[in-house]
Amino acid sequence: MNYVLVGNSAAGLFAAESIRQQDSSAEITVLTADTYPSYSRCLTTYYMAGDIPETQLFLRSAEALQALRLTVHYGCSVSGLDPTHRVVFAASGEHYSYDKCLIATGASAVSLEIPGSTLPEVFTLRHLDDVQQIKAIVAPGRQAVIIGGGLVSLKSAYALLKQGLKVHVVVSSGQILSQMLNEEAAKLLQEHLVKHSLNIVLNQDVTAIEGIGHVQAVRLRSGMNLPADLVIVGKGVRPNTQPFLTSGLTIRQGILVNEHLETNLPDVYAAGDVAEAWDRLHQTQRLNPIWPNATTQGRIAGANMSGLALTYPGSMGMNAVDFFGLRIISVGIVKPPTSPPWRTENLYLQHGSGHPTYQRLVWQGETLKGFVLVGNTERAGTLTALIQANQPLSEPIRNTLRRGKPSSVLPYLRANVS
Amino acid sequence: MKQLLVRSEVCVGCKSCELACAVAHSQSKTLFGAFLEPVRPKKRVFVETDGRINFPLQCRQCSDRPCVHACMAGAMHLDPTTGLVQVNPEKCVGCWMCVMVCPFGIITEGPSHQAVKCDRCRELDYEPACVSACPTKALQWVDVDHFAAVGRRSWVDHLKEANNHA
């Protein structure tokens with residue numbers, strides 16, 4: 001059997017491992033625009049911060065990769081797919097025949113179309129190359145402006161602060177991490193980041209990046225200028241569907257896949273940031289570009305490509321962060337509708353370590369649909385499991401959870417037993 | 001293959017397993033030595049109780065391995081030689097994505113800002129210290145078939161008992 005995997009990141013790698021596990025004689029060809037072996041995009045800011053060396057970015061050892069026996073074509077941009085002749089085309093003119101094909105092309109950072117955005121010190125952060133370029137001009141005392149208040153933006157800000165830069169974050173909306181956190185939790189994190197010298201400007205847009213030949217400042221809508229030696233644009237990501245627009249694939253924002261991660265074309269699967277797979281909380285197909293969803297989809301798509309019939313249980317929005325020792329985990333729906341049966345329960349606790357401790361539970365009737373933990377995040381996974389169980393919880397269990405006692409794993413056990 | 005299995009009905013909540021676990025993961029491997037170490041060793045088993053049920057809980061080695069999928073550093077991995085999920089401390093960056101998805105809540109933070117969980121006493125050649133320490137045999141290191149056979153026998157005994165009373 002001849003497998004062609006387009007993409008070499010989370011979904012591509014986990015699919016390859018899954019296929020190899022099922023089919024020891026499979027021919028697995030991996031086409032990737034990247035020029036490096038599979039690495040973790042999520043760790044690039046840790047590398048930028050100086051927390052880890054470059055070698056730690058790579059997900060598998062050379063021996064582990066060798067054992068997978070993949071034929072990897074690096075620097076290979078894919079330009080199209082012909083489902084009738086079962087061929088994937090590369091921009092270089094090469095073509096690759098497949099029996100089964102996985103599209104795991106991921107997503108690209110959205111760039112900003114404003115005056116000055118083509119200056120050499122304006123970056124997006126997605127690839128290892130982006131980080132290498134940023135690292136080359138980072139020096140203590142320099143100033144950086146980060147446009148956007150999402151996770152990549154804040155992780156970049158953290159990295160640059162650790163490198164001794166003066167960092168400003170400009171956010172269009174009224175809070176940071178608006179997709180991951182509710183307002184109260186965001187405020188707790190904001191206070192913590194400000195204590196660590198981050199300058200956060202809310203409700204403000206960047207209208208231009210100024211400088212002749214080099215970035216010198218960033219102009220805000222208010223008319224104010226922020227001095228800057230470098231700018232990072234963190235305005236989210238867009239699925240890399242362009243090569244497949246004329247291939248006959250059903251594409252909305254991403255490539256639509258069913259519960260087996262099959263696309264509408266025979267023997268063509270999609271997984272990871274490029275795919276719109278089932279979302280168990282929103283009960284529809286939806287983009288969910290986070291690491292655990294990509295790896296799980298990759299594993300299941302790979303298994304199904306090699307003959308199994310596994311069902312994808314569905315994605316969920318979730319994330320975990322740790323900024324200067326303050327931990328936050330957010331899972332599921334954290335900003336529910338304000339009308340019944342939706343309800344939220346928020347609990348502030350004082351914590352010994354000096355960090356704020358906060359818990360928010362989001363309920364639809366008696367069913368847990370989301371939570372945010374700030375400070376003490378131990379055993380967050382038990383709450384995640386309760387959301388995944390998607391069952392109404394009894395009053396004693398709801399009371400235990402409401403009290404915010406972290407060591408309450410027994411409710412989960414009992415919920416599963418009863 | 002032997003598994004770490006629990007008979008929660010005989011657990012009295014004495015926490016001997018917690019102590020033995022911390023000692024087994026210390027430098028000195030002795031109780032007093034462990035107390036004197038500059039960095040106290042971390043236990044990886046937790047006796048949970050709600051007044052009615054006691055349960056010594058550690059990594060259950062889930063077959064769908066959510067922690068391995070969530071790990072963005074490649075640190076949480078399936079060790080091919082033992083078939084066990086383990087943390088590679090050289091790769092863990094302390095992002096806590098595994099904590100976010102572990103349904104048993106048994107992953108905690110180690111001394112160097114890294115994820116720590118039950119490793120089935122890798123250093124003791126997979127003879128779990130918690131099992132050796134358990135005075136009531138609530139924790140068992142047994143073949144699944146043996147564990148099931150004992151369970152069946154005890155069910156039959158209960159049935160006989162019930163008939164005697166009837």
# chains A, B, ... in the order shown; residues from 1 in each chain; ligands from 1
call {"tool": "closest_atom_pairs", "arguments": {"of": "chain B", "to": "chain A", "cutoff": "10 Å", "atoms": "only C-alpha atoms", "output": "CSV"}}
result
residue,atom,partner,partner_atom,distance
B:Phe46,CA,A:Ser407,CA,9.1
B:Val47,CA,A:Ser407,CA,9.8
B:Glu48,CA,A:Leu410,CA,7.0
B:Thr49,CA,A:Leu410,CA,7.3
B:Asp50,CA,A:Leu410,CA,7.3
B:Ile53,CA,A:Leu410,CA,8.4
B:Asn54,CA,A:Leu410,CA,9.0
B:Phe55,CA,A:Leu410,CA,8.3
B:Leu57,CA,A:Val409,CA,9.2
B:Asp64,CA,A:Thr296,CA,9.3
B:Arg65,CA,A:Thr296,CA,9.7
B:Pro66,CA,A:Pro292,CA,8.0
B:Cys67,CA,A:Pro292,CA,8.7
B:Val68,CA,A:Pro292,CA,8.7
B:His69,CA,A:Pro292,CA,5.2
B:Ala70,CA,A:Pro292,CA,4.3
B:Cys71,CA,A:Pro292,CA,7.4
B:Met72,CA,A:Ser40,CA,6.2
B:Ala73,CA,A:Leu59,CA,6.3
B:Gly74,CA,A:Leu59,CA,5.0
B:Ala75,CA,A:Leu59,CA,8.2
B:Glu90,CA,A:Gln56,CA,8.2
B:Lys91,CA,A:Gln56,CA,6.3
B:Cys92,CA,A:Gln56,CA,9.1
B:Val93,CA,A:Ile52,CA,7.8
B:Gly94,CA,A:Asp322,CA,8.2
B:Cys95,CA,A:Val321,CA,6.3
B:Trp96,CA,A:Ala320,CA,6.1
B:Met97,CA,A:Ala320,CA,5.5
B:Cys98,CA,A:Gly381,CA,7.9
B:Val99,CA,A:Gly381,CA,5.7
B:Met100,CA,A:Gly381,CA,4.5
B:Val101,CA,A:Gly381,CA,4.3
B:Cys102,CA,A:Gly381,CA,4.4
B:Pro103,CA,A:Thr382,CA,4.5
B:Phe104,CA,A:Thr382,CA,5.7
B:Gly105,CA,A:Arg379,CA,3.8
B:Ile106,CA,A:Arg379,CA,6.7
B:Ile107,CA,A:Arg379,CA,7.4
B:Thr108,CA,A:Glu378,CA,6.8
B:Glu109,CA,A:Glu378,CA,8.8
B:His113,CA,A:Gly325,CA,9.5
call {"tool": "residues_around", "arguments": {"residues": "B:Glu18", "least_positions_apart": "3", "cutoff": "8 Å", "atoms": "only C-alpha atoms", "output": "list in words"}}
result
Lys15, Cys21, Ala22, Lys43, Arg44, Val45, Phe46, Val47 and Cys130 of chain B
call {"tool": "select_by_dssp", "arguments": {"residues": "stretch 34-130 of chain B", "states": "alpha helix (DSSP H)", "output": "NGL selection string"}}
result
:B and (34-36 or 66-70 or 97-101 or 129-130)
call {"tool": "residues_around", "arguments": {"residues": "A:Ala104", "least_positions_apart": "5", "cutoff": "6 Å", "atoms": "only C-alpha atoms", "output": "list in words"}}
result
Val6, Gly7, Gly12, Ala270, Ala271 and Gly272 of chain A
call {"tool": "residues_around", "arguments": {"residues": "A:Gln253", "least_positions_apart": "5", "cutoff": "9 Å", "atoms": "only C-alpha atoms", "output": "number ranges by chain"}}
result
A: 238-239, 241, 274-276, 286-287
call {"tool": "write_last_selection", "arguments": {"atoms": "N, CA and C atoms", "output": "mmCIF file, in the first residue's frame"}}
result
data_model
loop_
_atom_site.group_PDB
_atom_site.id
_atom_site.type_symbol
_atom_site.label_atom_id
_atom_site.label_comp_id
_atom_site.auth_asym_id
_atom_site.auth_seq_id
_atom_site.Cartn_x
_atom_site.Cartn_y
_atom_site.Cartn_z
ATOM 1 N N ARG A 238 -4.746 30.732 9.466
ATOM 2 C CA ARG A 238 -5.714 30.389 8.422
ATOM 3 C C ARG A 238 -5.302 29.037 7.831
ATOM 4 N N PRO A 239 -6.239 28.102 7.644
ATOM 5 C CA PRO A 239 -5.875 26.768 7.129
ATOM 6 C C PRO A 239 -5.248 26.845 5.734
ATOM 7 N N THR A 241 -5.450 25.635 2.695
ATOM 8 C CA THR A 241 -6.295 24.883 1.762
ATOM 9 C C THR A 241 -6.026 25.274 0.305
ATOM 10 N N VAL A 274 -5.689 22.050 9.287
ATOM 11 C CA VAL A 274 -6.325 22.301 7.986
ATOM 12 C C VAL A 274 -7.751 21.736 7.930
ATOM 13 N N ALA A 275 -8.090 20.865 8.907
ATOM 14 C CA ALA A 275 -9.348 20.130 8.828
ATOM 15 C C ALA A 275 -10.438 20.758 9.687
ATOM 16 N N GLU A 276 -11.660 20.690 9.171
ATOM 17 C CA GLU A 276 -12.820 21.026 9.994
ATOM 18 C C GLU A 276 -13.441 19.710 10.419
ATOM 19 N N ARG A 286 -15.858 22.022 12.780
ATOM 20 C CA ARG A 286 -15.331 23.324 13.156
ATOM 21 C C ARG A 286 -13.805 23.268 13.151
ATOM 22 N N LEU A 287 -13.162 24.403 12.875
ATOM 23 C CA LEU A 287 -11.707 24.474 13.014
ATOM 24 C C LEU A 287 -11.369 24.463 14.497
#
call {"tool": "closest_residue", "arguments": {"among": "A:Asn390, A:Gln359, A:Asn199, A:Thr35", "to": "A:Phe371", "atoms": "only C-alpha atoms"}}
result
A:Gln359
call {"tool": "closest_atom_pairs", "arguments": {"of": "stretch 3-91 of chain A", "to": "stretch 145-164 of chain A", "cutoff": "6 Å", "atoms": "only C-alpha atoms", "output": "JSON lines"}}
result
{"residue": "A:Thr45", "atom": "CA", "partner": "A:Ser156", "partner_atom": "CA", "distance": 5.7}
{"residue": "A:Met48", "atom": "CA", "partner": "A:Ala159", "partner_atom": "CA", "distance": 5.7}
{"residue": "A:Ala49", "atom": "CA", "partner": "A:Ala159", "partner_atom": "CA", "distance": 3.8}
call {"tool": "write_last_selection", "arguments": {"atoms": "N, CA and C atoms", "output": "short mmCIF file (atom, residue, chain, number, x, y, z; two decimals), in the first residue's frame"}}
result
data_model
loop_
_atom_site.label_atom_id
_atom_site.label_comp_id
_atom_site.auth_asym_id
_atom_site.auth_seq_id
_atom_site.Cartn_x
_atom_site.Cartn_y
_atom_site.Cartn_z
N THR A 45 8.44 29.37 20.91
CA THR A 45 8.61 30.53 21.81
C THR A 45 9.49 30.17 23.02
N MET A 48 12.80 30.70 21.71
CA MET A 48 13.04 32.14 21.61
C MET A 48 13.38 32.72 22.99
N ALA A 49 12.72 32.19 24.03
CA ALA A 49 12.95 32.68 25.39
C ALA A 49 14.30 32.24 25.93
#
call {"tool": "residues_around", "arguments": {"residues": "stretch 24-33 of chain B", "least_positions_apart": "4", "cutoff": "10 Å", "atoms": "only C-alpha atoms", "output": "number ranges by chain"}}
result
B: 18-20, 37, 39-44, 118-119, 121-124, 128-130
call {"tool": "residues_around", "arguments": {"residues": "B:Val144", "least_positions_apart": "4", "cutoff": "12 Å", "atoms": "only C-alpha atoms", "output": "ChimeraX atom specification"}}
result
/B:1-6,140,148-151
call {"tool": "residues_around", "arguments": {"residues": "stretch 333-346 of chain A", "least_positions_apart": "5", "cutoff": "9 Å", "atoms": "only C-alpha atoms", "output": "ChimeraX atom specification"}}
result
/A:179-183,281-282,316-318,358-366,369-372,402
call {"tool": "select_by_dssp", "arguments": {"residues": "stretch 41-271 of chain A", "states": "strand (DSSP E)", "output": "ChimeraX atom specification"}}
result
/A:70-73,78-82,87-90,95-97,100-103,107-109,122-124,143-147,166-170,199-201,206-210,217-220,225-227,230-233,237-239,255-256,268-270
call {"tool": "closest_residue", "arguments": {"among": "B:Lys117, B:Leu36, B:Gln58, B:Val85", "to": "B:Leu139", "atoms": "only C-alpha atoms"}}
result
B:Gln58
call {"tool": "atom_distance", "arguments": {"atom1": "atom CA of B:Pro89", "atom2": "atom CA of B:Val116"}}
result
8.7 Å
call {"tool": "atom_distance", "arguments": {"atom1": "atom CA of A:Val194", "atom2": "atom CA of A:Leu349"}}
result
20.9 Å
call {"tool": "atom_distance", "arguments": {"atom1": "atom CA of A:Thr250", "atom2": "atom CA of A:Thr71"}}
result
28.4 Å
